[in-house]
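The structure appears below as structure tokens.
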Amino acid sequence: MLSMVNASRFINIVAIPLVLVAYAVFIWIDHNRDQPDDPEVKVHIQNVKNSDSVDALVFGGSNAVYSLSSELLSYNTGINWYNASLDDELDGIKNYKNFIRDLSARIDRTKVRYIVYSSIFVYSTGIANARPGKRVKRVYGEGIKPSFSVLGYIAYRLRQWHQRQRNRFGDLVFESVKCEFTENPMHERRSEDASADFLADMAVFLASVFPNASILIVLPSEYYGVASLDDSLFEQKVRTKFYGLLGQRHHFKELVKIIFQPPYSSITQVCDNQRHADEDGRTWRTENLIESMQPIISRRGAFVHAAARPRDQP
């Protein structure tokens with residue numbers, strides 16, 4: 001009987017307070033994640049500081065981490081590109097915008113000539129923070145509810161500890177990842193209005209940070225597991241609404257272009273899910289993007305065909 005009383009006292013005096021303190025610490029971490037301590041952020045900052053010059057930048061989420069190559073872009077255009085993409089865009093557009101501002105402070109942003117922004121936010125209907133200007137109405141009691149689970153936080157930390165390698169262009173080194181496609185392909189699209197509003201907001205933001213750059217808004221390739229999928233109506237509506245919004249807000253529409261990339265044709269081009277290319281898929285998607293960009297870069301006099309460059313140059 002005495003042991004049961006002691007156990008009860010231990011639970012009331014020690015265990016419950018410890019659980020409450022641990023939960024309070026977790027809530028504090030959750031509500032102070034505006035500046036995530038992602039190790040790849042530090043890699044990007046250090047890489048651009050060590051670079052002689054940065055003429056063009058790739059921004060976006062994990063689709064751009066896996067599926068676009070700044071090394072290949074540099075080789076084919078004759079200018080210095082850097083891939084500053086990050087998984088899930090740092091868990092939110094607000095975080096990612098802060099990162100872009102921070103990165104731009106480490107370089108001469110007035111000399112950046114091209115920006116590629118590639119996001120899957122318009123393709124994933126489950127992402128709640130894809131409207132950067134949208135205000136979220138807070139309700140009573142929300143302050144004590146975490147926005148993500150303990151298991152989710154543990155998984156986030158495990159991803160941090162298992163850091164992937166990047167080269168000096170910011171590109172993913174595929175030897176540091178394991179490609180194993182396990183997910184069922186899906187075809188998701190947000191509404192045309194929400195998609196165009198989100199993309200126009202990002203175009204305006206990027207143009208404000210990099211005032212002399214051409215802004216290329218790139219809708220990424222995906223793998224759907226079928227021979228063909230007609231997205232032309234969605235693309236037409238988003239393109240029309242996107243340019244319409246830019247015309248209403250600003251007068252730099254000629255410096256902004258929206259590009260829709262075609263889907264991957266084979267499962268052999270993807271890594272671990274339908275939006276992440278493997279090394280061969282990255283080459284294919286980057287070459288497709290270069291082809292779409294060629295008229296823009298040619299007008300600015302920077303385009304250099306690969307055949308005209310020595311093979312020992314990046």
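The chains in the structure tokens are called A, B, ... from first to last as shown; in each chain the residues are counted from 1, and the ligands are counted from 1 in the order shown.
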
Contacts of segment 179-184 of chain A at 7 Å (only C-alpha atoms; same-chain gap of 6+ positions) as an NGL selection string:
:A and (271-273 or 278)

Those same residues, written as a tab-separated table (two decimals), in the first residue's frame with N, CA and C atoms?
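The resulting file, out17.tsv, is reproduced below:
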chain	number	residue	atom	x	y	z
A	271	CYS	N	12.78	9.83	-58.72
A	271	CYS	CA	13.54	9.28	-57.60
A	271	CYS	C	12.61	8.61	-56.60
A	272	ASP	N	12.17	9.35	-55.57
A	272	ASP	CA	11.37	8.73	-54.52
A	272	ASP	C	9.89	9.10	-54.56
A	273	ASN	N	9.52	10.10	-55.36
A	273	ASN	CA	8.11	10.38	-55.58
A	273	ASN	C	7.94	11.09	-56.92
A	278	ASP	N	15.25	11.72	-60.65
A	278	ASP	CA	16.56	11.14	-60.39
A	278	ASP	C	17.58	11.91	-61.24

TODO: Write out as a ChimeraX atom specification each polymer residue whose atoms come within 8 Å of segment 106-117 of chain A, counting only C-alpha atoms; drop sequence neighbours fewer than 3 positions from it.
DONE: /A:45,48-49,53-60,102-103,206,209-218

Please, could you write that set of residues out with N, CA and C atoms as a PDB file, in the first residue's frame?
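To be explicit, this is the file written out as result-v6.pdb:
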ATOM      1  N   ILE A  45      24.189  29.718 -47.677  1.00  0.00           N
ATOM      2  CA  ILE A  45      24.784  31.006 -47.314  1.00  0.00           C
ATOM      3  C   ILE A  45      26.299  30.966 -47.507  1.00  0.00           C
ATOM      4  N   VAL A  48      27.303  30.866 -51.406  1.00  0.00           N
ATOM      5  CA  VAL A  48      27.214  32.125 -52.148  1.00  0.00           C
ATOM      6  C   VAL A  48      28.259  33.116 -51.665  1.00  0.00           C
ATOM      7  N   LYS A  49      28.612  33.042 -50.369  1.00  0.00           N
ATOM      8  CA  LYS A  49      29.672  33.915 -49.859  1.00  0.00           C
ATOM      9  C   LYS A  49      31.019  33.548 -50.485  1.00  0.00           C
ATOM     10  N   SER A  53      30.921  35.197 -58.158  1.00  0.00           N
ATOM     11  CA  SER A  53      29.764  36.001 -58.560  1.00  0.00           C
ATOM     12  C   SER A  53      28.560  35.085 -58.723  1.00  0.00           C
ATOM     13  N   VAL A  54      27.384  35.639 -58.534  1.00  0.00           N
ATOM     14  CA  VAL A  54      26.132  34.921 -58.762  1.00  0.00           C
ATOM     15  C   VAL A  54      25.308  35.754 -59.726  1.00  0.00           C
ATOM     16  N   ASP A  55      25.131  35.233 -60.941  1.00  0.00           N
ATOM     17  CA  ASP A  55      24.391  35.957 -61.976  1.00  0.00           C
ATOM     18  C   ASP A  55      22.924  35.560 -62.031  1.00  0.00           C
ATOM     19  N   ALA A  56      22.608  34.346 -61.523  1.00  0.00           N
ATOM     20  CA  ALA A  56      21.251  33.833 -61.628  1.00  0.00           C
ATOM     21  C   ALA A  56      21.009  32.829 -60.514  1.00  0.00           C
ATOM     22  N   LEU A  57      19.759  32.724 -60.082  1.00  0.00           N
ATOM     23  CA  LEU A  57      19.413  31.880 -58.938  1.00  0.00           C
ATOM     24  C   LEU A  57      18.206  31.014 -59.235  1.00  0.00           C
ATOM     25  N   VAL A  58      18.224  29.800 -58.695  1.00  0.00           N
ATOM     26  CA  VAL A  58      17.076  28.900 -58.720  1.00  0.00           C
ATOM     27  C   VAL A  58      16.500  28.856 -57.311  1.00  0.00           C
ATOM     28  N   PHE A  59      15.225  29.163 -57.181  1.00  0.00           N
ATOM     29  CA  PHE A  59      14.514  29.060 -55.911  1.00  0.00           C
ATOM     30  C   PHE A  59      13.377  28.066 -56.051  1.00  0.00           C
ATOM     31  N   GLY A  60      12.922  27.527 -54.932  1.00  0.00           N
ATOM     32  CA  GLY A  60      11.793  26.613 -54.952  1.00  0.00           C
ATOM     33  C   GLY A  60      11.904  25.581 -53.859  1.00  0.00           C
ATOM     34  N   ASP A 102      17.674  37.111 -46.808  1.00  0.00           N
ATOM     35  CA  ASP A 102      18.967  36.910 -46.153  1.00  0.00           C
ATOM     36  C   ASP A 102      20.036  36.550 -47.176  1.00  0.00           C
ATOM     37  N   LEU A 103      19.715  35.644 -48.078  1.00  0.00           N
ATOM     38  CA  LEU A 103      20.673  35.240 -49.108  1.00  0.00           C
ATOM     39  C   LEU A 103      21.043  36.412 -50.007  1.00  0.00           C
ATOM     40  N   LEU A 206       9.878  38.594 -55.758  1.00  0.00           N
ATOM     41  CA  LEU A 206      11.208  38.335 -56.318  1.00  0.00           C
ATOM     42  C   LEU A 206      11.718  39.524 -57.123  1.00  0.00           C
ATOM     43  N   VAL A 209      13.095  42.123 -54.755  1.00  0.00           N
ATOM     44  CA  VAL A 209      14.390  41.790 -54.156  1.00  0.00           C
ATOM     45  C   VAL A 209      15.510  41.864 -55.188  1.00  0.00           C
ATOM     46  N   PHE A 210      15.202  41.431 -56.429  1.00  0.00           N
ATOM     47  CA  PHE A 210      16.202  41.418 -57.501  1.00  0.00           C
ATOM     48  C   PHE A 210      15.703  42.325 -58.634  1.00  0.00           C
ATOM     49  N   PRO A 211      15.926  43.622 -58.527  1.00  0.00           N
ATOM     50  CA  PRO A 211      15.262  44.602 -59.395  1.00  0.00           C
ATOM     51  C   PRO A 211      15.660  44.527 -60.860  1.00  0.00           C
ATOM     52  N   ASN A 212      16.811  43.960 -61.188  1.00  0.00           N
ATOM     53  CA  ASN A 212      17.267  43.912 -62.575  1.00  0.00           C
ATOM     54  C   ASN A 212      17.177  42.527 -63.195  1.00  0.00           C
ATOM     55  N   ALA A 213      16.468  41.629 -62.536  1.00  0.00           N
ATOM     56  CA  ALA A 213      16.408  40.244 -63.003  1.00  0.00           C
ATOM     57  C   ALA A 213      15.133  39.965 -63.789  1.00  0.00           C
ATOM     58  N   SER A 214      15.273  39.088 -64.786  1.00  0.00           N
ATOM     59  CA  SER A 214      14.100  38.496 -65.427  1.00  0.00           C
ATOM     60  C   SER A 214      13.601  37.381 -64.512  1.00  0.00           C
ATOM     61  N   ILE A 215      12.300  37.376 -64.237  1.00  0.00           N
ATOM     62  CA  ILE A 215      11.711  36.416 -63.309  1.00  0.00           C
ATOM     63  C   ILE A 215      11.010  35.322 -64.099  1.00  0.00           C
ATOM     64  N   LEU A 216      11.452  34.079 -63.937  1.00  0.00           N
ATOM     65  CA  LEU A 216      10.873  32.939 -64.631  1.00  0.00           C
ATOM     66  C   LEU A 216      10.136  32.066 -63.621  1.00  0.00           C
ATOM     67  N   ILE A 217       8.814  32.101 -63.678  1.00  0.00           N
ATOM     68  CA  ILE A 217       7.979  31.289 -62.800  1.00  0.00           C
ATOM     69  C   ILE A 217       7.752  29.951 -63.493  1.00  0.00           C
ATOM     70  N   VAL A 218       8.299  28.889 -62.897  1.00  0.00           N
ATOM     71  CA  VAL A 218       8.333  27.584 -63.563  1.00  0.00           C
ATOM     72  C   VAL A 218       7.447  26.591 -62.826  1.00  0.00           C
TER      73      VAL A 218
END

Taking the DSSP secondary structure from the backbone, can you list the residues of segment 148-290 of chain A that are alpha helix (DSSP H), as number ranges by chain? A: 150-161, 192-209, 232-249, 279-290

Judged by only C-alpha atoms, the minimum distance to Gln274 of chain A among A:Tyr66, A:Phe99, A:Phe121, A:Tyr75 is found for A:Tyr66

The residue from A:Leu90, A:Val226, A:Leu255, A:Val270 with the smallest atom-to-atom distance to Arg282 of chain A, counting only C-alpha atoms, is A:Val270

Worksheet entry | Coordinates-based distance that separates atom CA of Met186 of chain A from atom CA of Thr283 of chain A (Å, one decimal) |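 For atom CA of Thr283 of chain A relative to atom CA of Met186 of chain A, the distance reads 22.9 Å.
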
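Across A:His187, A:Ala207, A:Leu172, A:Phe242, the tightest approach to Asp230 of chain A is made by A:His187 when counting only C-alpha atoms.
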
inquiry  = When you look at Arg275 of chain A with a cut-off of 7 Å (counting only C-alpha atoms), what residues show up, excluding the ones that are within fewer than 2 positions of it in the same chain? I need them as a ChimeraX atom specification.
reply    = /A:63,221-223,273,277

Take the residues just selected and output them with N, CA and C atoms as a PDB file, in the first residue's frame.
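Okay, part.pdb is ready:
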ATOM      1  N   ASN A  63      11.123  19.912 -55.321  1.00  0.00           N
ATOM      2  CA  ASN A  63      11.143  19.585 -56.746  1.00  0.00           C
ATOM      3  C   ASN A  63      12.343  20.211 -57.433  1.00  0.00           C
ATOM      4  N   SER A 221       7.766  19.657 -63.605  1.00  0.00           N
ATOM      5  CA  SER A 221       7.358  18.366 -64.153  1.00  0.00           C
ATOM      6  C   SER A 221       6.943  17.430 -63.022  1.00  0.00           C
ATOM      7  N   GLU A 222       6.031  16.526 -63.351  1.00  0.00           N
ATOM      8  CA  GLU A 222       5.627  15.461 -62.443  1.00  0.00           C
ATOM      9  C   GLU A 222       5.503  14.164 -63.240  1.00  0.00           C
ATOM     10  N   TYR A 223       5.447  13.051 -62.527  1.00  0.00           N
ATOM     11  CA  TYR A 223       5.202  11.760 -63.179  1.00  0.00           C
ATOM     12  C   TYR A 223       3.827  11.268 -62.746  1.00  0.00           C
ATOM     13  N   ASN A 273       9.523  10.095 -55.361  1.00  0.00           N
ATOM     14  CA  ASN A 273       8.108  10.383 -55.576  1.00  0.00           C
ATOM     15  C   ASN A 273       7.937  11.091 -56.917  1.00  0.00           C
ATOM     16  N   ALA A 277      12.939  14.233 -59.430  1.00  0.00           N
ATOM     17  CA  ALA A 277      13.641  13.525 -60.492  1.00  0.00           C
ATOM     18  C   ALA A 277      14.837  12.778 -59.934  1.00  0.00           C
TER      19      ALA A 277
END

List the neighbours of Arg285 of chain A out to 7 Å using only C-alpha atoms; skip same-chain residues closer than 3 positions along the sequence, and give me the result as a list in words.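 Once the adjacent positions are removed, what remains is Ser67, Leu68, Gly281, Arg282, Asn288 and Leu289 of chain A.
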
Hey, can you spit out that residue selection with C-alpha atoms as an mmCIF file, in the first residue's frame?
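Generated output (out-v8.cif):
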data_model
loop_
_atom_site.group_PDB
_atom_site.id
_atom_site.type_symbol
_atom_site.label_atom_id
_atom_site.label_comp_id
_atom_site.auth_asym_id
_atom_site.auth_seq_id
_atom_site.Cartn_x
_atom_site.Cartn_y
_atom_site.Cartn_z
ATOM 1 C CA SER A 67 15.060 18.174 -60.452
ATOM 2 C CA LEU A 68 16.952 21.296 -61.557
ATOM 3 C CA GLY A 281 15.337 13.080 -64.953
ATOM 4 C CA ARG A 282 17.096 16.178 -63.641
ATOM 5 C CA ASN A 288 13.764 21.311 -71.265
ATOM 6 C CA LEU A 289 13.835 24.459 -69.112
#

- Query: Which neighbours of Glu175 of chain A fall inside 12 Å, counting only C-alpha atoms, when residues of the same chain fewer than 5 positions from it are skipped, and could you give them as a list in words?
  - Reply: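 Within the cut-off, the hits are Arg164, Gln165, Arg166, Asn167, Asp278 and Glu279 of chain A.
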
Please return as a list in words: the residues of segment 168-311 of chain A that backbone DSSP assigns to strand (DSSP E or B).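 In segment 168-311 of chain A, DSSP puts these residues in strand (DSSP E or B): Leu172, Ser214, Ile215, Leu216, Ile217, Val218, Leu219, Val256, Lys257, Ile258, Ile259, Phe260, Val270 and Ala277 of chain A.
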